[in-house]
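Engineer: You'll find model-v1.tsv just under this line, and it carries TSV, C-alpha atoms and all ligand atoms.
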chain	number	residue	atom	x	y	z
A	1	MET	CA	19.07	0.88	-5.95
A	2	LEU	CA	16.12	1.76	-3.76
A	3	THR	CA	12.67	1.32	-5.34
A	4	ILE	CA	10.67	4.34	-4.26
A	5	GLY	CA	7.80	6.45	-5.49
A	6	SER	CA	4.84	8.32	-4.16
A	7	HIS	CA	1.11	8.28	-4.53
A	8	MET	CA	0.35	9.85	-7.95
A	9	SER	CA	-2.79	11.39	-9.38
A	10	ILE	CA	-4.31	9.58	-12.38
A	11	ALA	CA	-5.92	12.78	-13.68
A	12	ASP	CA	-3.59	12.48	-16.73
A	13	GLY	CA	-4.32	8.75	-17.09
A	14	ILE	CA	-2.12	5.89	-15.95
A	15	ALA	CA	0.62	6.53	-18.51
A	16	GLY	CA	0.58	10.21	-17.57
A	17	ALA	CA	0.98	9.26	-13.91
A	18	ALA	CA	3.97	7.05	-14.74
A	19	GLN	CA	5.54	9.85	-16.79
A	20	ASN	CA	5.02	12.27	-13.90
A	21	ALA	CA	6.69	9.73	-11.58
A	22	VAL	CA	9.71	9.57	-13.88
A	23	GLU	CA	9.96	13.35	-13.76
A	24	MET	CA	10.12	13.24	-9.99
A	25	GLU	CA	13.00	10.74	-10.16
A	26	ALA	CA	10.85	7.93	-8.80
A	27	ASN	CA	11.12	4.35	-10.08
A	28	THR	CA	7.69	3.20	-9.02
A	29	MET	CA	4.36	4.74	-7.96
A	30	GLN	CA	1.07	4.15	-6.25
A	31	ILE	CA	-2.21	5.11	-7.92
A	32	PHE	CA	-5.87	4.88	-6.99
A	33	THR	CA	-7.75	2.22	-8.94
A	34	ARG	CA	-10.62	4.69	-9.40
A	35	ASN	CA	-12.05	7.85	-7.88
A	36	PRO	CA	-11.14	7.34	-4.19
A	37	ARG	CA	-14.30	8.99	-2.83
A	38	GLY	CA	-16.77	7.89	-5.49
A	39	SER	CA	-16.83	4.81	-7.60
A	40	GLY	CA	-16.21	5.94	-11.14
A	41	TYR	CA	-13.25	5.08	-13.35
A	42	ARG	CA	-12.12	5.73	-16.88
A	43	ALA	CA	-11.29	2.73	-19.04
A	44	CYS	CA	-7.69	2.55	-20.23
A	45	SER	CA	-7.18	2.31	-24.00
A	46	GLU	CA	-4.80	-0.22	-25.54
A	47	LYS	CA	-2.59	2.63	-26.70
A	48	GLU	CA	-2.35	4.06	-23.20
A	49	ARG	CA	-1.56	0.65	-21.78
A	50	GLU	CA	1.30	0.28	-24.26
A	51	ARG	CA	2.64	3.69	-23.29
A	52	PHE	CA	2.38	2.77	-19.61
A	53	ASP	CA	4.35	-0.46	-20.26
A	54	ALA	CA	7.01	1.38	-22.25
A	55	ILE	CA	7.54	4.02	-19.55
A	56	ARG	CA	7.90	1.35	-16.86
A	57	ARG	CA	10.29	-0.73	-18.98
A	58	GLU	CA	12.47	2.15	-20.13
A	59	ASN	CA	12.82	3.56	-16.63
A	60	GLY	CA	13.38	0.31	-14.76
A	61	PHE	CA	10.25	0.59	-12.65
A	62	GLY	CA	9.78	-1.70	-9.69
A	63	PRO	CA	6.33	-3.10	-8.85
A	64	VAL	CA	3.50	-0.59	-9.23
A	65	LEU	CA	0.92	-0.49	-6.44
A	66	ALA	CA	-2.77	0.21	-7.04
A	67	HIS	CA	-4.81	1.37	-4.04
A	68	ALA	CA	-8.54	0.56	-3.79
A	69	PRO	CA	-10.86	3.42	-2.76
A	70	TYR	CA	-11.29	4.27	0.93
A	71	THR	CA	-15.05	4.14	0.54
A	72	MET	CA	-15.17	0.36	0.22
A	73	ASN	CA	-15.79	-1.66	3.38
A	74	LEU	CA	-15.71	-5.42	2.87
A	75	ALA	CA	-16.22	-5.95	6.62
A	76	SER	CA	-19.58	-4.20	6.68
A	77	ALA	CA	-22.72	-5.97	7.92
A	78	ARG	CA	-24.83	-3.65	5.79
A	79	GLU	CA	-25.72	-5.58	2.66
A	80	SER	CA	-25.57	-2.61	0.27
A	81	THR	CA	-22.18	-1.44	1.64
A	82	TRP	CA	-20.74	-4.94	1.44
A	83	GLU	CA	-22.08	-5.54	-2.08
A	84	PHE	CA	-20.61	-2.25	-3.28
A	85	ALA	CA	-17.22	-3.27	-1.82
A	86	CYS	CA	-17.50	-6.68	-3.49
A	87	MET	CA	-18.16	-5.04	-6.85
A	88	VAL	CA	-15.17	-2.70	-6.40
A	89	ILE	CA	-12.70	-5.40	-5.41
A	90	ARG	CA	-13.92	-7.77	-8.17
A	91	GLU	CA	-13.65	-5.11	-10.87
A	92	ASP	CA	-10.39	-3.65	-9.61
A	93	VAL	CA	-8.59	-6.98	-9.29
A	94	ALA	CA	-9.52	-7.73	-12.92
A	95	ARG	CA	-8.80	-4.21	-14.21
A	96	MET	CA	-5.43	-3.80	-12.46
A	97	ASP	CA	-4.38	-7.33	-13.40
A	98	ALA	CA	-5.17	-6.58	-17.06
A	99	LEU	CA	-2.88	-3.54	-16.83
A	100	GLY	CA	-0.02	-5.72	-15.62
A	101	ILE	CA	0.08	-3.98	-12.23
A	102	GLU	CA	1.84	-6.16	-9.69
A	103	ASN	CA	-0.03	-5.40	-6.47
A	104	LEU	CA	-3.42	-4.07	-5.37
A	105	VAL	CA	-3.74	-2.87	-1.76
A	106	PHE	CA	-6.94	-2.27	0.18
A	107	HIS	CA	-7.97	-1.40	3.74
A	108	PRO	CA	-9.48	-4.57	5.23
A	109	GLY	CA	-12.43	-2.59	6.58
A	110	SER	CA	-14.31	-1.61	9.75
A	111	HIS	CA	-16.71	-4.01	11.45
A	112	THR	CA	-18.88	-1.13	12.77
A	113	GLY	CA	-20.13	-3.09	15.76
A	114	ILE	CA	-20.64	-6.68	14.57
A	115	GLY	CA	-17.27	-7.69	16.03
A	116	VAL	CA	-13.88	-8.59	14.60
A	117	CYS	CA	-14.72	-12.22	13.81
A	118	ALA	CA	-17.90	-11.45	11.87
A	119	GLY	CA	-16.08	-8.59	10.10
A	120	ILE	CA	-13.27	-10.91	9.07
A	121	GLU	CA	-15.78	-13.46	7.76
A	122	ASN	CA	-17.32	-10.76	5.57
A	123	ILE	CA	-13.88	-9.73	4.25
A	124	ILE	CA	-13.07	-13.35	3.41
A	125	ARG	CA	-16.36	-13.85	1.52
A	126	GLY	CA	-15.77	-10.58	-0.31
A	127	LEU	CA	-12.25	-11.54	-1.36
A	128	ASP	CA	-13.40	-14.98	-2.47
A	129	GLN	CA	-15.90	-13.51	-4.94
A	130	GLY	CA	-13.23	-11.12	-6.27
A	131	ILE	CA	-10.12	-13.30	-6.60
A	132	THR	CA	-10.36	-16.15	-9.12
A	133	GLY	CA	-6.89	-17.58	-8.49
A	134	ARG	CA	-5.99	-17.15	-12.16
A	135	GLU	CA	-4.61	-13.61	-11.71
A	136	ARG	CA	-0.98	-12.61	-11.68
A	137	ILE	CA	-1.70	-9.64	-9.43
A	138	THR	CA	-1.33	-9.99	-5.65
A	139	VAL	CA	-3.96	-8.44	-3.39
A	140	LEU	CA	-2.35	-6.82	-0.35
A	141	LEU	CA	-3.98	-6.35	3.04
A	142	GLU	CA	-2.83	-3.07	4.58
A	143	THR	CA	-1.71	-2.85	8.21
A	144	MET	CA	-4.06	-0.36	9.89
A	145	SER	CA	-3.80	2.03	12.84
A	146	GLY	CA	-6.91	0.58	14.50
A	147	LYS	CA	-9.05	3.68	14.68
A	148	GLY	CA	-12.68	3.01	15.59
A	149	THR	CA	-13.64	-0.55	14.66
A	150	GLU	CA	-10.96	-0.90	11.98
A	151	ILE	CA	-9.76	-4.45	11.32
A	152	GLY	CA	-6.11	-5.08	10.51
A	153	ALA	CA	-4.27	-3.26	13.32
A	154	SER	CA	-2.73	-6.56	14.43
A	155	PHE	CA	-0.74	-9.04	12.39
A	156	GLU	CA	-3.00	-11.81	13.79
A	157	GLU	CA	-6.11	-10.25	12.22
A	158	LEU	CA	-4.40	-10.02	8.84
A	159	LYS	CA	-3.32	-13.63	9.15
A	160	ALA	CA	-6.90	-14.71	9.95
A	161	ILE	CA	-8.09	-13.04	6.73
A	162	ARG	CA	-5.38	-14.59	4.59
A	163	ASP	CA	-5.83	-18.04	6.13
A	164	GLY	CA	-9.57	-17.92	5.42
A	165	VAL	CA	-9.56	-17.16	1.71
A	166	SER	CA	-9.69	-19.75	-1.07
A	167	HIS	CA	-6.61	-18.35	-2.82
A	168	PRO	CA	-4.16	-17.32	-0.08
A	169	GLU	CA	-1.34	-17.53	-2.63
A	170	ARG	CA	-2.77	-14.37	-4.23
A	171	VAL	CA	-2.84	-12.43	-0.92
A	172	GLY	CA	0.08	-10.56	0.66
A	173	ILE	CA	0.68	-7.66	3.05
A	174	CYS	CA	1.47	-3.96	2.68
A	175	LEU	CA	3.05	-2.52	5.84
A	176	ASP	CA	2.36	1.16	6.54
A	177	THR	CA	5.02	2.58	8.89
A	178	CYS	CA	2.64	5.26	10.24
A	179	HIS	CA	-0.17	2.78	10.83
A	180	VAL	CA	1.91	0.09	12.60
A	181	PHE	CA	3.47	2.76	14.83
A	182	SER	CA	0.12	4.19	15.86
A	183	ALA	CA	-1.23	0.63	16.24
A	184	GLY	CA	1.44	-0.02	18.88
A	185	TYR	CA	4.28	-1.79	17.03
A	186	ASP	CA	7.42	0.01	18.16
A	187	ILE	CA	9.43	0.39	14.96
A	188	VAL	CA	11.34	3.28	16.58
A	189	HIS	CA	12.98	1.38	19.43
A	190	ASP	CA	12.55	-2.22	18.36
A	191	LEU	CA	12.26	-2.66	14.58
A	192	GLU	CA	13.97	-6.03	14.89
A	193	GLY	CA	11.36	-7.24	17.38
A	194	VAL	CA	8.48	-6.01	15.20
A	195	LEU	CA	9.87	-7.79	12.15
A	196	GLU	CA	10.41	-10.96	14.17
A	197	GLU	CA	6.79	-10.82	15.23
A	198	PHE	CA	5.66	-10.22	11.65
A	199	ASP	CA	7.75	-13.18	10.57
A	200	ARG	CA	6.39	-15.40	13.34
A	201	VAL	CA	2.71	-14.53	12.70
A	202	LEU	CA	2.56	-13.95	8.94
A	203	GLY	CA	5.98	-14.78	7.51
A	204	LEU	CA	8.18	-12.05	6.06
A	205	PRO	CA	7.91	-13.41	2.48
A	206	LEU	CA	4.28	-12.18	2.50
A	207	LEU	CA	5.44	-8.58	2.89
A	208	ARG	CA	5.32	-7.12	-0.64
A	209	ALA	CA	5.20	-3.33	-0.19
A	210	ILE	CA	5.82	-0.59	2.34
A	211	HIS	CA	3.88	2.63	2.73
A	212	LEU	CA	6.62	4.94	3.99
A	213	ASN	CA	5.06	7.63	6.17
A	214	ASP	CA	6.00	9.47	9.33
A	215	SER	CA	3.27	9.85	11.96
A	216	LEU	CA	1.82	13.05	13.40
A	217	ALA	CA	0.06	11.03	16.10
A	218	PRO	CA	2.02	9.43	18.95
A	219	PHE	CA	2.92	5.77	19.44
A	220	GLY	CA	-0.05	3.53	20.17
A	221	SER	CA	-2.58	6.35	19.62
A	222	HIS	CA	-4.59	4.42	16.97
A	223	LYS	CA	-4.78	7.64	14.97
A	224	ASP	CA	-4.06	7.69	11.23
A	225	ARG	CA	-2.28	11.00	10.62
A	226	HIS	CA	0.57	10.94	8.10
A	227	ALA	CA	3.55	13.31	8.48
A	228	VAL	CA	6.38	14.26	6.14
A	229	ILE	CA	9.41	11.94	6.48
A	230	GLY	CA	11.52	13.11	9.44
A	231	GLU	CA	8.91	15.56	10.70
A	232	GLY	CA	6.76	13.21	12.76
A	233	GLN	CA	6.87	11.03	15.85
A	234	ILE	CA	8.73	8.19	14.08
A	235	GLY	CA	11.55	10.39	12.84
A	236	MET	CA	14.28	10.20	10.23
A	237	GLU	CA	16.57	7.78	12.01
A	238	ALA	CA	13.93	5.10	12.54
A	239	LEU	CA	12.60	5.45	8.98
A	240	LEU	CA	16.13	5.12	7.59
A	241	GLY	CA	16.39	1.97	9.71
A	242	VAL	CA	13.35	0.62	7.85
A	243	LEU	CA	14.74	1.62	4.43
A	244	GLU	CA	18.14	0.06	5.14
A	245	HIS	CA	17.00	-3.10	6.89
A	246	PRO	CA	18.38	-6.15	5.05
A	247	ARG	CA	14.97	-7.86	5.09
A	248	LEU	CA	13.16	-4.76	3.78
A	249	LYS	CA	15.53	-2.79	1.57
A	250	ASN	CA	14.62	-4.65	-1.64
A	251	LEU	CA	10.89	-4.02	-1.23
A	252	PRO	CA	9.13	-1.17	-3.06
A	253	PHE	CA	8.48	1.92	-0.89
A	254	TYR	CA	5.57	4.30	-1.49
A	255	LEU	CA	5.28	7.75	0.10
A	256	GLU	CA	1.85	8.94	1.18
A	257	THR	CA	3.12	12.02	2.97
A	258	PRO	CA	1.16	15.31	2.88
A	259	LEU	CA	3.14	16.91	0.02
A	260	ASP	CA	2.53	17.72	-3.66
A	261	ASP	CA	4.58	16.22	-6.52
A	262	GLY	CA	7.31	18.83	-6.10
A	263	GLY	CA	7.52	18.09	-2.39
A	264	HIS	CA	7.65	14.33	-3.03
A	265	LYS	CA	10.43	14.84	-5.56
A	266	ARG	CA	12.49	16.63	-2.90
A	267	GLU	CA	11.57	13.99	-0.32
A	268	ILE	CA	12.72	11.14	-2.61
A	269	ARG	CA	15.96	12.99	-3.36
A	270	MET	CA	16.55	13.61	0.36
A	271	ILE	CA	15.98	9.92	1.15
A	272	ARG	CA	18.37	8.80	-1.59
A	273	GLN	CA	20.98	11.24	-0.30
A	274	GLN	CA	20.55	9.98	3.27
A	275	LEU	CA	21.07	6.43	1.97
A	276	GLY	CA	24.17	7.54	0.07
A	277	GLU	CA	22.68	6.68	-3.33
A	278	ALA	CA	23.74	8.50	-6.45
A	279	ASP	CA	21.20	10.75	-8.10
A	280	PRO	CA	19.63	8.45	-10.74
A	281	VAL	CA	19.11	11.29	-13.19
A	282	SER	CA	22.33	13.27	-13.11
A	283	GLY	CA	24.39	10.17	-12.35
A	284	ALA	CA	26.36	12.30	-9.88
A	301	ZN	ZN	-3.97	2.84	2.46
A	302	ZN	ZN	-2.94	6.23	6.67
Rewrite the coordinates I just gave you, this time as structure tokens.
Structural biologist:
Amino acid sequence: MLTIGSHMSIADGIAGAAQNAVEMEANTMQIFTRNPRGSGYRACSEKERERFDAIRRENGFGPVLAHAPYTMNLASARESTWEFACMVIREDVARMDALGIENLVFHPGSHTGIGVCAGIENIIRGLDQGITGRERITVLLETMSGKGTEIGASFEELKAIRDGVSHPERVGICLDTCHVFSAGYDIVHDLEGVLEEFDRVLGLPLLRAIHLNDSLAPFGSHKDRHAVIGEGQIGMEALLGVLEHPRLKNLPFYLETPLDDGGHKREIRMIRQQLGEADPVSGA
């Protein structure tokens, strides 16, 4: 069965988020590690952690994905910005690992003028002070659309980051369908070719998660504008091709489409119907 969920609010705590995911017939979820626009977080009690574990176990959850805040920029040349990002990644790797969350994804960052190479060096130093190598969690680099001076719009840049860190075995990749499309990887007409290139540059075993989004912006536009599945420039047919691909179909998929929980519930149901899967709740 497909492992799919959407980005969930942690306003009700992590166990509450998992319970809300169950109610939308999802079997995984993505959550922010902390306030995505600030830096605060609420500690998770032992009781809540146990409830979170029980919900995941009883509902056959696939890997849960934690997303680091957008405000962190490990590529930054500004000392205070870089140090803040270092603190966030260090704390969040430890916190999410302690919760038994399988993967933590972050945006590699924007070099803001110092150049890709210097930006990548900063990212590597930042990851090295945050990953001890003793974790079970895997830190995922997200494929980006390449807006502005964003790093990570090419598989080669992601490979350079992973190759540079002290614990590459703890680093994998999260592929965002909207981002790769707007970055210029043609998953609509040549998914096979894109996956071959991923495999050649990075190796497909490094791919651990997929952000499943349609794109409002056209191919190669380097714009990051998510659309509802089937309502964007990628379209239903191509996204079903991603979901059904033999090398991808066992990965966990996370929706970040512009919908509320009710909308995501309908979107998940629609995707399962398109794939010919039985409704996991009614058993129909
Ligand atoms: Zn992201
Ligand atoms: Zn995006």
Engineer: For Phe52 in chain A, please output as a PyMOL selection string all residues within 8 Å (counting only C-alpha atoms; exclusion window: fewer than 4 positions along the same chain).
Structural biologist: chain A and resi 14-16+18+48+56
Engineer: Distance CA of Arg269 in chain A-CA of Leu239 in chain A, one decimal place?
Structural biologist: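 Atom-to-atom, CA of Arg269 in chain A and CA of Leu239 in chain A are spaced 14.8 Å apart.
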Engineer: Of the candidates A:Ile268, A:Cys117, A:Leu140, A:Ile123, which one gets nearest to ligand ZN 301 (chain A) if we count all atoms listed in the file?
Structural biologist: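 For ligand ZN 301 (chain A), the nearest of the given residues is A:Leu140.
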Engineer: Calculate how many Å separate CA of Ile161 in chain A from CA of Ile89 in chain A, rounding to one decimal.
Structural biologist: 15.1 Å
Engineer: Can you list every residue of chain A that has an atom at most 9 Å from ligand ZN 302 (chain A), with its nearest atom pair and the distance in Å to one decimal, using all atoms listed in the file, ordered by chain then number, as a tab-separated table?
Structural biologist:
residue	atom	partner	partner_atom	distance
A:Met144	CA	A:ZN302	ZN	7.4
A:Ser145	CA	A:ZN302	ZN	7.5
A:Asp176	CA	A:ZN302	ZN	7.3
A:Cys178	CA	A:ZN302	ZN	6.7
A:His179	CA	A:ZN302	ZN	6.1
A:His211	CA	A:ZN302	ZN	8.7
A:Asn213	CA	A:ZN302	ZN	8.1
A:Ser215	CA	A:ZN302	ZN	8.9
A:Lys223	CA	A:ZN302	ZN	8.6
A:Asp224	CA	A:ZN302	ZN	4.9
A:Arg225	CA	A:ZN302	ZN	6.2
A:His226	CA	A:ZN302	ZN	6.0
A:Glu256	CA	A:ZN302	ZN	7.8
Engineer: Go through A:Phe219, A:Phe106, A:Tyr41, A:Phe84 one by one, measure the shortest atom-to-atom distance of each to Ala66 in chain A using all atoms listed in the file, and give the residue with the smallest value.
Structural biologist: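 Closest to Ala66 in chain A, using all atoms listed in the file: A:Phe106.
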Engineer: Please, which residues have at least one atom within 7 Å of an atom of ligand ZN 301 (chain A), using all atoms listed in the file, listed as a PyMOL selection string?
Structural biologist: chain A and resi 67+106-107+142
Engineer: Which residues, protein or nucleic acid, reach to within 12 Å of (-5.8, -14.9, 11.6) in the file's coordinates when using all atoms listed in the file, and can you give that as a list of chain:residue names?
Structural biologist: A:Val116, A:Cys117, A:Ile120, A:Glu121, A:Ile124, A:Ile151, A:Gly152, A:Ala153, A:Ser154, A:Phe155, A:Glu156, A:Glu157, A:Leu158, A:Lys159, A:Ala160, A:Ile161, A:Arg162, A:Asp163, A:Gly164, A:Val165, A:Val201, A:Leu202
Engineer: Find the residue from A:Lys265, A:Arg49, A:His245, A:His111 that sits nearest to Leu195 in chain A; use all atoms listed in the file when measuring.
Structural biologist: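 Of all the options, A:His245 lies closest to Leu195 in chain A.
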Engineer: Pick out the closest residue to Thr3 in chain A from this set: A:Glu91, A:Glu192, A:Glu244, A:Asp128. Count only C-alpha atoms.
Structural biologist: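 For Thr3 in chain A, the nearest of the given residues is A:Glu244.
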Engineer: Rank A:Met1, A:Ile31, A:Val194, A:Leu259 by their smallest atom-to-atom distance to Pro69 in chain A, using all atoms listed in the file, and report the top residue only.
Structural biologist: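 Ranking A:Met1, A:Ile31, A:Val194, A:Leu259 by distance to Pro69 in chain A, first place goes to A:Ile31.
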Engineer: What's the separation between CA of His222 in chain A and CA of Gly203 in chain A, in Å to one decimal place?
Structural biologist: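 One can read the CA of His222 in chain A to CA of Gly203 in chain A distance as 23.9 Å.
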Engineer: From the options A:Pro258, A:Gly232, A:Gly100, A:Gly148, which residue's atoms come nearest to Ala54 in chain A, counting all atoms listed in the file?
Structural biologist: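 Under the stated criterion, the closest residue is A:Gly100.
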Engineer: If I put a ball of radius 12 Å at (6.0, -12.4, -2.6) in the file's coordinates, which residues poke into it when counting all atoms listed in the file, written as a PyMOL selection string?
Structural biologist: chain A and resi 63+102-103+136-140+168-174+203-209+250-252
Engineer: Need the shell around range 23-25 of chain A: protein/DNA/RNA residues with any atom at most 12 Å away, counting only C-alpha atoms. Skip same-chain ones fewer than 4 positions apart. Format as a PDB file with C-alpha atoms, in the coordinates of the input?
Structural biologist:
ATOM      1  CA  LEU A   2      16.120   1.760  -3.760  1.00  0.00           C
ATOM      2  CA  THR A   3      12.670   1.320  -5.340  1.00  0.00           C
ATOM      3  CA  ILE A   4      10.670   4.340  -4.260  1.00  0.00           C
ATOM      4  CA  GLY A   5       7.800   6.450  -5.490  1.00  0.00           C
ATOM      5  CA  SER A   6       4.840   8.320  -4.160  1.00  0.00           C
ATOM      6  CA  HIS A   7       1.110   8.280  -4.530  1.00  0.00           C
ATOM      7  CA  MET A   8       0.350   9.850  -7.950  1.00  0.00           C
ATOM      8  CA  GLY A  16       0.580  10.210 -17.570  1.00  0.00           C
ATOM      9  CA  ALA A  17       0.980   9.260 -13.910  1.00  0.00           C
ATOM     10  CA  ALA A  18       3.970   7.050 -14.740  1.00  0.00           C
ATOM     11  CA  GLN A  19       5.540   9.850 -16.790  1.00  0.00           C
ATOM     12  CA  MET A  29       4.360   4.740  -7.960  1.00  0.00           C
ATOM     13  CA  ILE A  55       7.540   4.020 -19.550  1.00  0.00           C
ATOM     14  CA  ASN A  59      12.820   3.560 -16.630  1.00  0.00           C
ATOM     15  CA  GLY A  60      13.380   0.310 -14.760  1.00  0.00           C
ATOM     16  CA  PHE A  61      10.250   0.590 -12.650  1.00  0.00           C
ATOM     17  CA  ASP A 260       2.530  17.720  -3.660  1.00  0.00           C
ATOM     18  CA  ASP A 261       4.580  16.220  -6.520  1.00  0.00           C
ATOM     19  CA  GLY A 262       7.310  18.830  -6.100  1.00  0.00           C
ATOM     20  CA  GLY A 263       7.520  18.090  -2.390  1.00  0.00           C
ATOM     21  CA  HIS A 264       7.650  14.330  -3.030  1.00  0.00           C
ATOM     22  CA  LYS A 265      10.430  14.840  -5.560  1.00  0.00           C
ATOM     23  CA  ARG A 266      12.490  16.630  -2.900  1.00  0.00           C
ATOM     24  CA  GLU A 267      11.570  13.990  -0.320  1.00  0.00           C
ATOM     25  CA  ILE A 268      12.720  11.140  -2.610  1.00  0.00           C
ATOM     26  CA  ARG A 269      15.960  12.990  -3.360  1.00  0.00           C
ATOM     27  CA  MET A 270      16.550  13.610   0.360  1.00  0.00           C
ATOM     28  CA  ILE A 271      15.980   9.920   1.150  1.00  0.00           C
ATOM     29  CA  ARG A 272      18.370   8.800  -1.590  1.00  0.00           C
ATOM     30  CA  ALA A 278      23.740   8.500  -6.450  1.00  0.00           C
ATOM     31  CA  ASP A 279      21.200  10.750  -8.100  1.00  0.00           C
ATOM     32  CA  PRO A 280      19.630   8.450 -10.740  1.00  0.00           C
ATOM     33  CA  VAL A 281      19.110  11.290 -13.190  1.00  0.00           C
ATOM     34  CA  SER A 282      22.330  13.270 -13.110  1.00  0.00           C
ATOM     35  CA  GLY A 283      24.390  10.170 -12.350  1.00  0.00           C
TER      36      GLY A 283
END
